[in-house]
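The file coords_2.txt contains compact mmCIF, C-alpha atoms:
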# COMPACT_ATOMS: atom_id res chain seq x y z
CA MET A 1 -5.32 -24.36 12.57
CA ARG A 2 -5.81 -23.30 8.97
CA ALA A 3 -2.92 -23.39 6.53
CA VAL A 4 -0.96 -20.23 5.87
CA PRO A 5 -1.49 -18.27 3.73
CA GLY A 6 -4.76 -20.02 2.81
CA ILE A 7 -7.54 -19.55 0.27
CA VAL A 8 -8.03 -16.24 -1.54
CA ALA A 9 -11.49 -15.92 -3.10
CA LEU A 10 -11.75 -13.32 -5.87
CA ALA A 11 -15.30 -11.94 -6.24
CA VAL A 12 -15.90 -11.44 -9.96
CA THR A 13 -18.92 -9.60 -11.36
CA ALA A 14 -19.86 -9.01 -14.98
CA GLY A 15 -18.32 -5.90 -16.49
CA MET A 16 -15.50 -5.54 -13.97
CA PRO A 17 -12.34 -3.79 -15.24
CA MET A 18 -9.55 -6.23 -15.99
CA PHE A 19 -6.65 -4.35 -14.42
CA GLU A 20 -7.49 -4.90 -10.75
CA LEU A 21 -8.57 -8.47 -11.47
CA SER A 22 -5.17 -9.14 -13.01
CA ILE A 23 -3.36 -7.71 -9.97
CA ALA A 24 -4.99 -10.21 -7.63
CA CYS A 25 -4.51 -13.07 -10.10
CA GLU A 26 -0.82 -12.26 -10.57
CA ILE A 27 0.04 -11.94 -6.90
CA PHE A 28 -2.13 -14.67 -5.40
CA GLY A 29 -2.84 -16.93 -8.38
CA THR A 30 0.71 -17.43 -9.68
CA ASP A 31 2.27 -20.49 -8.08
CA ARG A 32 5.27 -19.31 -6.09
CA SER A 33 5.59 -22.31 -3.82
CA GLU A 34 9.37 -22.15 -4.32
CA LEU A 35 9.21 -18.96 -2.22
CA ALA A 36 6.70 -20.18 0.34
CA ASP A 37 4.98 -23.54 0.57
CA PRO A 38 2.05 -23.58 0.71
CA TRP A 39 1.37 -20.60 -1.53
CA TYR A 40 -2.09 -19.03 -1.85
CA GLU A 41 -4.94 -20.98 -3.41
CA LEU A 42 -6.91 -18.61 -5.66
CA ARG A 43 -10.59 -19.26 -6.38
CA LEU A 44 -12.54 -17.21 -8.93
CA CYS A 45 -16.11 -16.76 -7.72
CA ALA A 46 -19.17 -15.30 -9.45
CA ALA A 47 -22.90 -15.13 -8.83
CA HIS A 48 -23.29 -18.28 -10.94
CA PRO A 49 -20.48 -20.71 -11.79
CA GLY A 50 -19.45 -20.72 -15.42
CA THR A 51 -18.05 -17.87 -17.50
CA THR A 52 -18.00 -14.20 -16.57
CA ARG A 53 -17.15 -11.51 -19.10
CA THR A 54 -15.11 -8.50 -17.98
CA GLN A 55 -15.43 -4.88 -19.07
CA ASN A 56 -12.63 -5.41 -21.56
CA GLY A 57 -14.26 -8.41 -23.21
CA PHE A 58 -12.22 -11.15 -21.58
CA ALA A 59 -14.15 -14.31 -20.69
CA LEU A 60 -13.12 -15.64 -17.28
CA HIS A 61 -13.73 -19.18 -16.13
CA THR A 62 -15.40 -18.73 -12.72
CA PRO A 63 -15.99 -22.23 -11.33
CA TYR A 64 -17.17 -21.13 -7.86
CA ASP A 65 -20.22 -19.20 -6.71
CA PHE A 66 -20.39 -16.49 -4.05
CA HIS A 67 -21.22 -19.02 -1.34
CA THR A 68 -17.53 -20.01 -1.59
CA LEU A 69 -16.55 -16.65 -0.12
CA ALA A 70 -17.64 -17.81 3.32
CA THR A 71 -15.05 -20.62 3.24
CA ALA A 72 -12.11 -18.37 2.21
CA ASP A 73 -9.38 -16.94 4.40
CA THR A 74 -9.21 -13.75 2.31
CA VAL A 75 -11.85 -12.29 0.00
CA VAL A 76 -10.78 -9.75 -2.64
CA VAL A 77 -13.30 -7.47 -4.37
CA PRO A 78 -11.70 -5.78 -7.40
CA ALA A 79 -12.92 -2.54 -8.98
CA ILE A 80 -16.42 -2.05 -10.32
CA PRO A 81 -17.11 -0.05 -13.50
CA ALA A 82 -16.98 3.74 -13.24
CA ASP A 83 -20.49 4.10 -14.60
CA ALA A 84 -21.80 1.86 -11.80
CA VAL A 85 -20.06 4.09 -9.25
CA LEU A 86 -21.40 7.33 -10.75
CA ALA A 87 -24.92 5.94 -11.10
CA GLY A 88 -24.93 4.52 -7.59
CA ASP A 89 -25.83 1.16 -9.09
CA THR A 90 -25.82 -1.11 -6.05
CA ALA A 91 -29.03 -2.88 -7.01
CA ARG A 92 -27.13 -5.08 -9.42
CA MET A 93 -24.74 -6.06 -6.62
CA ASP A 94 -27.65 -6.81 -4.28
CA ASP A 95 -29.25 -9.00 -6.94
CA SER A 96 -26.01 -10.92 -7.35
CA GLY A 97 -25.93 -11.75 -3.65
CA LEU A 98 -22.41 -10.35 -3.27
CA PRO A 99 -23.00 -7.98 -0.30
CA GLU A 100 -24.73 -10.75 1.63
CA ALA A 101 -21.91 -13.17 0.78
CA LEU A 102 -19.32 -10.63 1.95
CA ARG A 103 -21.10 -10.19 5.27
CA ALA A 104 -21.21 -13.96 5.72
CA ALA A 105 -17.52 -14.30 4.88
CA HIS A 106 -16.61 -11.53 7.30
CA ALA A 107 -18.72 -13.09 10.06
CA ASN A 108 -16.91 -16.36 9.42
CA GLY A 109 -13.53 -14.71 10.02
CA ALA A 110 -12.41 -13.94 6.48
CA ARG A 111 -10.21 -10.94 5.77
CA ILE A 112 -12.12 -8.69 3.34
CA VAL A 113 -10.15 -6.65 0.80
CA SER A 114 -11.23 -4.17 -1.85
CA LEU A 115 -9.17 -2.79 -4.71
CA CYS A 116 -9.92 0.67 -6.11
CA THR A 117 -13.70 1.21 -6.49
CA GLY A 118 -14.41 -2.19 -4.98
CA ALA A 119 -14.69 -0.17 -1.76
CA PHE A 120 -18.20 0.84 -2.86
CA VAL A 121 -19.24 -2.81 -2.68
CA LEU A 122 -17.81 -3.16 0.83
CA ALA A 123 -19.55 0.06 1.85
CA ALA A 124 -22.86 -1.18 0.44
CA ALA A 125 -22.43 -4.34 2.52
CA GLY A 126 -21.97 -2.22 5.64
CA LEU A 127 -18.43 -3.48 6.23
CA LEU A 128 -16.86 -0.01 6.19
CA ASP A 129 -19.17 1.66 8.72
CA GLU A 130 -17.17 3.53 11.38
CA ARG A 131 -13.92 2.45 9.71
CA ARG A 132 -11.19 4.24 7.81
CA ALA A 133 -11.22 3.39 4.12
CA THR A 134 -10.06 4.69 0.78
CA THR A 135 -10.75 4.33 -2.92
CA HIS A 136 -9.63 5.97 -6.17
CA TRP A 137 -9.08 9.70 -5.55
CA MET A 138 -11.61 10.56 -8.26
CA TYR A 139 -14.37 8.90 -6.23
CA THR A 140 -13.46 9.53 -2.58
CA GLY A 141 -15.90 12.45 -2.43
CA ILE A 142 -18.71 10.27 -3.79
CA LEU A 143 -17.91 7.47 -1.33
CA SER A 144 -17.94 9.92 1.57
CA ALA A 145 -21.20 11.58 0.51
CA ARG A 146 -22.98 8.30 -0.23
CA HIS A 147 -21.75 6.51 2.90
CA PRO A 148 -21.29 9.16 5.64
CA ARG A 149 -20.49 6.55 8.30
CA VAL A 150 -17.32 5.63 6.41
CA GLN A 151 -14.20 7.57 7.44
CA VAL A 152 -12.81 8.15 3.95
CA ASP A 153 -9.10 8.97 3.69
CA PRO A 154 -8.40 10.36 0.20
CA ALA A 155 -4.62 10.67 0.61
CA VAL A 156 -3.35 7.16 1.33
CA LEU A 157 -2.45 4.27 -0.98
CA TYR A 158 -4.29 1.77 1.21
CA VAL A 159 -5.89 1.37 4.61
CA ASP A 160 -5.40 -1.69 6.80
CA GLU A 161 -8.12 -2.04 9.44
CA GLY A 162 -7.07 -5.57 10.29
CA ASP A 163 -9.99 -7.63 9.03
CA VAL A 164 -11.06 -5.12 6.36
CA LEU A 165 -8.60 -3.48 3.97
CA THR A 166 -9.13 -1.02 1.10
CA SER A 167 -6.80 0.32 -1.58
CA ALA A 168 -6.75 3.53 -3.53
CA GLY A 169 -7.00 3.66 -7.31
CA ARG A 170 -5.55 1.39 -9.94
CA SER A 171 -1.90 0.44 -9.22
CA ALA A 172 -2.42 1.06 -5.48
CA GLY A 173 -4.00 -2.39 -5.59
CA ILE A 174 -0.48 -3.74 -6.11
CA ASP A 175 0.68 -1.94 -2.97
CA LEU A 176 -2.14 -3.45 -0.92
CA CYS A 177 -1.72 -6.98 -2.28
CA LEU A 178 2.03 -6.88 -1.59
CA HIS A 179 1.18 -5.62 1.90
CA LEU A 180 -0.96 -8.73 2.38
CA VAL A 181 1.91 -10.97 1.27
CA ARG A 182 4.21 -9.06 3.60
CA THR A 183 1.79 -9.51 6.50
CA ASP A 184 1.29 -13.21 5.82
CA LEU A 185 4.76 -14.32 4.74
CA GLY A 186 7.21 -11.61 5.76
CA ALA A 187 9.13 -8.80 4.11
CA GLU A 188 11.63 -10.96 2.24
CA ILE A 189 8.95 -12.92 0.37
CA ALA A 190 7.03 -9.74 -0.47
CA ASN A 191 10.25 -8.14 -1.69
CA GLN A 192 10.98 -11.09 -3.97
CA VAL A 193 7.47 -10.98 -5.44
CA ALA A 194 7.87 -7.23 -6.01
CA ARG A 195 11.19 -7.74 -7.78
CA ARG A 196 9.68 -10.32 -10.09
CA MET A 197 6.88 -7.91 -10.90
CA VAL A 198 9.43 -5.08 -11.32
CA VAL A 199 7.59 -2.84 -8.86
CA PRO A 200 8.70 -1.26 -5.57
CA ALA A 201 8.04 -3.31 -2.46
CA HIS A 202 7.29 -0.09 -0.57
CA ARG A 203 5.98 3.03 -2.28
CA PRO A 204 6.39 6.17 -0.15
CA GLY A 205 3.67 8.76 0.07
CA GLY A 206 -0.01 8.50 -0.72
CA GLN A 207 -2.25 8.96 -3.71
CA ALA A 208 -2.47 12.71 -3.04
CA GLN A 209 0.75 13.09 -5.02
CA TYR A 210 -1.04 11.68 -8.08
CA ILE A 211 -4.12 13.85 -8.06
CA GLU A 212 -2.86 16.86 -9.99
CA ALA A 213 0.86 16.51 -10.59
CA PRO A 214 1.97 12.88 -10.50
CA VAL A 215 5.58 13.71 -11.37
CA PRO A 216 7.43 16.85 -10.27
CA ARG A 217 8.03 19.15 -13.22
CA SER A 218 11.45 19.27 -14.79
CA GLY A 219 13.52 22.39 -15.25
CA GLU A 220 13.45 25.29 -12.78
CA ASP A 221 10.44 24.06 -10.86
CA GLY A 222 11.58 20.43 -10.70
CA LEU A 223 11.97 19.03 -7.20
CA ALA A 224 13.93 15.92 -8.15
CA PRO A 225 17.40 17.37 -7.36
CA VAL A 226 16.46 18.69 -3.93
CA LEU A 227 14.56 15.49 -3.11
CA GLN A 228 17.63 13.44 -4.03
CA TRP A 229 19.86 15.74 -1.97
CA ALA A 230 17.54 15.38 1.01
CA LEU A 231 17.53 11.59 0.72
CA GLU A 232 21.34 11.60 0.71
CA HIS A 233 21.37 13.71 3.89
CA LEU A 234 18.55 12.10 5.89
CA HIS A 235 21.03 11.37 8.68
CA GLN A 236 21.27 15.12 9.28
CA GLN A 237 18.71 17.35 10.98
CA LEU A 238 17.38 18.99 7.83
CA THR A 239 15.13 22.03 7.84
CA VAL A 240 12.87 23.50 5.18
CA ALA A 241 15.13 26.55 5.13
CA GLN A 242 18.16 24.36 4.33
CA MET A 243 16.29 22.61 1.52
CA ALA A 244 15.15 25.94 0.10
CA ALA A 245 18.67 27.36 0.27
CA TRP A 246 20.07 24.32 -1.52
CA ALA A 247 17.42 24.71 -4.24
CA SER A 248 18.13 28.48 -4.43
CA VAL A 249 14.50 29.44 -3.76
CA SER A 250 12.66 31.04 -0.88
CA THR A 251 11.12 28.88 1.82
CA ARG A 252 7.64 29.97 0.75
CA THR A 253 8.36 29.05 -2.88
CA LEU A 254 9.70 25.63 -1.91
CA VAL A 255 6.65 24.86 0.22
CA ARG A 256 4.30 25.95 -2.56
CA ARG A 257 6.09 23.90 -5.22
CA PHE A 258 6.38 20.94 -2.87
CA HIS A 259 2.67 20.85 -2.15
CA ALA A 260 1.77 21.27 -5.83
CA ALA A 261 4.04 18.41 -6.86
CA THR A 262 3.60 15.91 -4.00
CA GLY A 263 0.43 16.87 -2.16
CA THR A 264 2.26 17.22 1.15
CA THR A 265 4.69 19.50 2.99
CA PRO A 266 8.50 19.19 2.98
CA LEU A 267 8.59 18.27 6.68
CA ARG A 268 5.94 15.58 6.33
CA TRP A 269 7.76 14.19 3.30
CA LEU A 270 11.03 14.13 5.23
CA HIS A 271 9.33 12.38 8.15
CA ALA A 272 7.90 9.71 5.82
CA GLN A 273 11.33 9.14 4.23
CA ARG A 274 12.97 8.77 7.64
CA LEU A 275 10.40 6.16 8.66
CA ALA A 276 10.82 4.34 5.33
CA ARG A 277 14.59 4.22 5.84
CA ALA A 278 14.14 2.98 9.40
CA ARG A 279 11.89 0.16 8.18
CA HIS A 280 14.42 -0.77 5.50
CA LEU A 281 17.29 -0.89 8.01
CA LEU A 282 15.25 -2.88 10.52
CA GLU A 283 14.33 -5.41 7.84
CA THR A 284 17.76 -5.84 6.27
CA THR A 285 20.41 -5.20 8.95
CA ASP A 286 21.27 -6.09 12.54
CA LEU A 287 22.32 -2.53 13.38
CA PRO A 288 21.48 -1.41 16.94
CA ILE A 289 18.30 0.66 17.22
CA GLU A 290 20.35 3.69 18.29
CA ARG A 291 22.41 3.42 15.09
CA VAL A 292 19.27 3.01 12.98
CA SER A 293 17.79 6.12 14.54
CA ARG A 294 20.90 8.16 13.71
CA LEU A 295 21.12 6.91 10.11
CA CYS A 296 17.52 7.86 9.40
CA GLY A 297 17.83 11.26 11.10
CA MET A 298 15.60 10.50 14.08
CA GLY A 299 18.35 11.24 16.59
CA THR A 300 17.81 9.04 19.62
CA ALA A 301 16.38 5.55 19.90
CA GLY A 302 13.59 6.95 22.06
CA ASN A 303 12.61 9.45 19.37
CA LEU A 304 12.57 6.73 16.72
CA ARG A 305 10.53 4.46 18.98
CA HIS A 306 7.94 7.21 19.56
CA HIS A 307 7.43 8.12 15.90
CA PHE A 308 7.76 4.57 14.58
CA THR A 309 5.19 3.18 16.99
CA ARG A 310 2.81 6.04 16.28
CA SER A 311 3.08 5.48 12.52
CA VAL A 312 3.44 1.69 12.19
CA GLY A 313 1.64 0.53 15.32
CA VAL A 314 4.51 -1.54 16.77
CA THR A 315 7.90 -0.71 18.23
CA PRO A 316 11.06 -0.94 16.08
CA VAL A 317 12.13 -4.04 18.01
CA GLU A 318 8.78 -5.76 17.43
CA TYR A 319 8.86 -4.77 13.77
CA ARG A 320 12.34 -6.23 13.30
CA ARG A 321 11.31 -9.43 15.07
CA THR A 322 8.43 -9.83 12.60
CA PHE A 323 10.01 -8.73 9.33
CA HIS A 324 13.75 -9.30 9.62
CA SER A 325 14.36 -12.45 7.63
CA ARG A 326 17.75 -11.99 6.00
CA PRO A 327 21.11 -13.05 7.41
CA GLY A 328 22.50 -10.31 9.59
CA ARG A 329 24.69 -7.70 7.95
CA THR A 330 25.87 -4.22 8.79
CA VAL A 331 26.03 -1.03 6.79
CA PRO A 332 29.32 0.84 6.51
CA THR A 333 29.39 4.33 7.98
CA GLY A 334 28.13 6.83 5.44
CA ALA A 335 27.01 4.18 2.96
CA LEU A 336 23.45 5.43 3.12
CA ALA A 337 24.24 9.08 3.01
CA SER A 338 27.29 9.77 0.86
CA PRO A 339 26.82 12.63 -1.65
CA GLY A 340 26.44 11.33 -5.16
CA ARG A 341 25.29 7.90 -4.03
CA PRO A 342 21.52 7.62 -4.53
CA GLU A 343 19.68 5.61 -1.93
CA ALA A 344 18.58 2.15 -3.06
CA PRO A 345 14.78 1.84 -3.29
CA VAL A 346 13.26 0.54 -0.09
CA GLY A 347 12.95 -3.21 -0.32
CA ALA A 348 15.42 -3.53 -3.22
Let me see whether you can do it: turn the structure in this file into structure tokens.
Amino acid sequence: MRAVPGIVALAVTAGMPMFELSIACEIFGTDRSELADPWYELRLCAAHPGTTRTQNGFALHTPYDFHTLATADTVVVPAIPADAVLAGDTARMDDSGLPEALRAAHANGARIVSLCTGAFVLAAAGLLDERRATTHWMYTGILSARHPRVQVDPAVLYVDEGDVLTSAGRSAGIDLCLHLVRTDLGAEIANQVARRMVVPAHRPGGQAQYIEAPVPRSGEDGLAPVLQWALEHLHQQLTVAQMAAWASVSTRTLVRRFHAATGTTPLRWLHAQRLARARHLLETTDLPIERVSRLCGMGTAGNLRHHFTRSVGVTPVEYRRTFHSRPGRTVPTGALASPGRPEAPVGA
């Protein structure tokens, strides 16, 4: 049986942006064996061993070639340059041997991961055919048009298809890499890595909220107060009409402003927040499932089980068994919902 978490091979090509490269290097290449031993072993791979220069002018020491990908447990393909995406420049990738190496790694059982526009490389290798996938929102239309067999989801931060995973643009690569740590080593380890990086362990919503209005506007049209109020009252059966009344606007106005600011509807946002709270409580407390369901506003344990399983893919009990790693503790009544007490970020 191979060691956990194993070897992560980072596929580096000339001219790659540095940001996504640095995400993978920070999360998998920084020795954190004090958190989990063994930690990941990161290998930088290129078409030819030696030095590879990034888009930003950094010279990376890449001691392994792409044949090494076939021996890795996880292969990460960071972003490719925007001009290569727009020009449909896959010939350079074919010449490098990367698509062929990715297919060989996948056939050998490796988990294949792309960050941002790295999804175009996976698509060119045929690894995204008949699968859900995502990429930076600016290029989802191009990915869909160029690779019609790929089921492109433009709204999510990442897609986990088990053996093939793709992230949305830029910082969504952090979300996906932390998800990998979470899958491999559990929620507590992923949370500690997130704290050290000063990023949220779980980021609610998808990249749709970043397409036109990344942050709700301040002043009259700002949604922050009503969002905070809703979070403090998740244990109640909230309606759009109640939220609109609290914000002193019509229901139609609230829905319009909500969609413009977040890319989703108030009810879908509420549903996502309830599920996020349920996950947090399952990970960090020993509260009975019935109590968890009431605190997150799902009502009965059966209702929580239905929606949680549909969204996450496992039951609340199975999820807790996998991700609950802290000593048991309980939450005082009202601690998660008292007015004037903002909810702690999920995973904090």
State, in Å with one decimal place, the distance from CA of Ser114 (chain A) to CA of Arg268 (chain A). 27.4 Å
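Minimum distance to Asn56 (chain A) across A:Glu20, A:Glu318, A:Glu232, A:Asp175 (counting all atoms listed in the file) occurs at A:Glu20.
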Using all atoms listed in the file, determine which residues lie at most 12 Å from Leu44 (chain A), disregarding the query and same-chain residues fewer than 2 positions distant; provide the list as number ranges by chain. A: 7-13, 21-22, 24-25, 28-29, 41-42, 46-52, 60-69, 72, 75-78
Neighbouring residues of Asn303 (chain A) were defined as those with any atom within 9 Å, considering all atoms listed in the file; residues of the same chain fewer than 5 positions away were excluded. Please report them as a ChimeraX atom specification. /A:293,298,308
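Across the structure, CA of His136 (chain A) and CA of Val159 (chain A) are spaced 12.3 Å apart.
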Spatial neighbours of His235 (chain A), 9 Å, only C-alpha atoms, chain gap at least 2 places, as a compact mmCIF listing (two decimals) with C-alpha atoms, keeping the file's coordinate frame:
# COMPACT_ATOMS: atom_id res chain seq x y z
CA LEU A 231 17.53 11.59 0.72
CA GLU A 232 21.34 11.60 0.71
CA HIS A 233 21.37 13.71 3.89
CA GLN A 237 18.71 17.35 10.98
CA LEU A 238 17.38 18.99 7.83
CA ARG A 274 12.97 8.77 7.64
CA SER A 293 17.79 6.12 14.54
CA ARG A 294 20.90 8.16 13.71
CA LEU A 295 21.12 6.91 10.11
CA CYS A 296 17.52 7.86 9.40
CA GLY A 297 17.83 11.26 11.10
CA MET A 298 15.60 10.50 14.08
CA GLY A 299 18.35 11.24 16.59
CA LEU A 336 23.45 5.43 3.12
CA ALA A 337 24.24 9.08 3.01
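The interatomic distance for the pair CA of Arg321 (chain A) and CA of Arg279 (chain A) works out to 11.8 Å.
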Selected residue of minimal separation from Ala36 (chain A) among A:Ile189, A:Ala201, A:Ala301, A:Leu180, counting only C-alpha atoms: A:Ile189
Let me know the centre plus edge lengths, in Å and rounded to one decimal, of a box with edges along x, y and z that contains all listed atoms of region 3-21 of chain A and is padded by 4 Å on every side, as AutoDock Vina command-line options.
--center_x -10.4 --center_y -13.6 --center_z -5.0 --size_x 26.9 --size_y 27.6 --size_z 31.0
From A:Leu223, A:Arg170, A:Asp160, A:Thr265, residue lying nearest Gly313 (chain A) [all atoms listed in the file]: A:Asp160
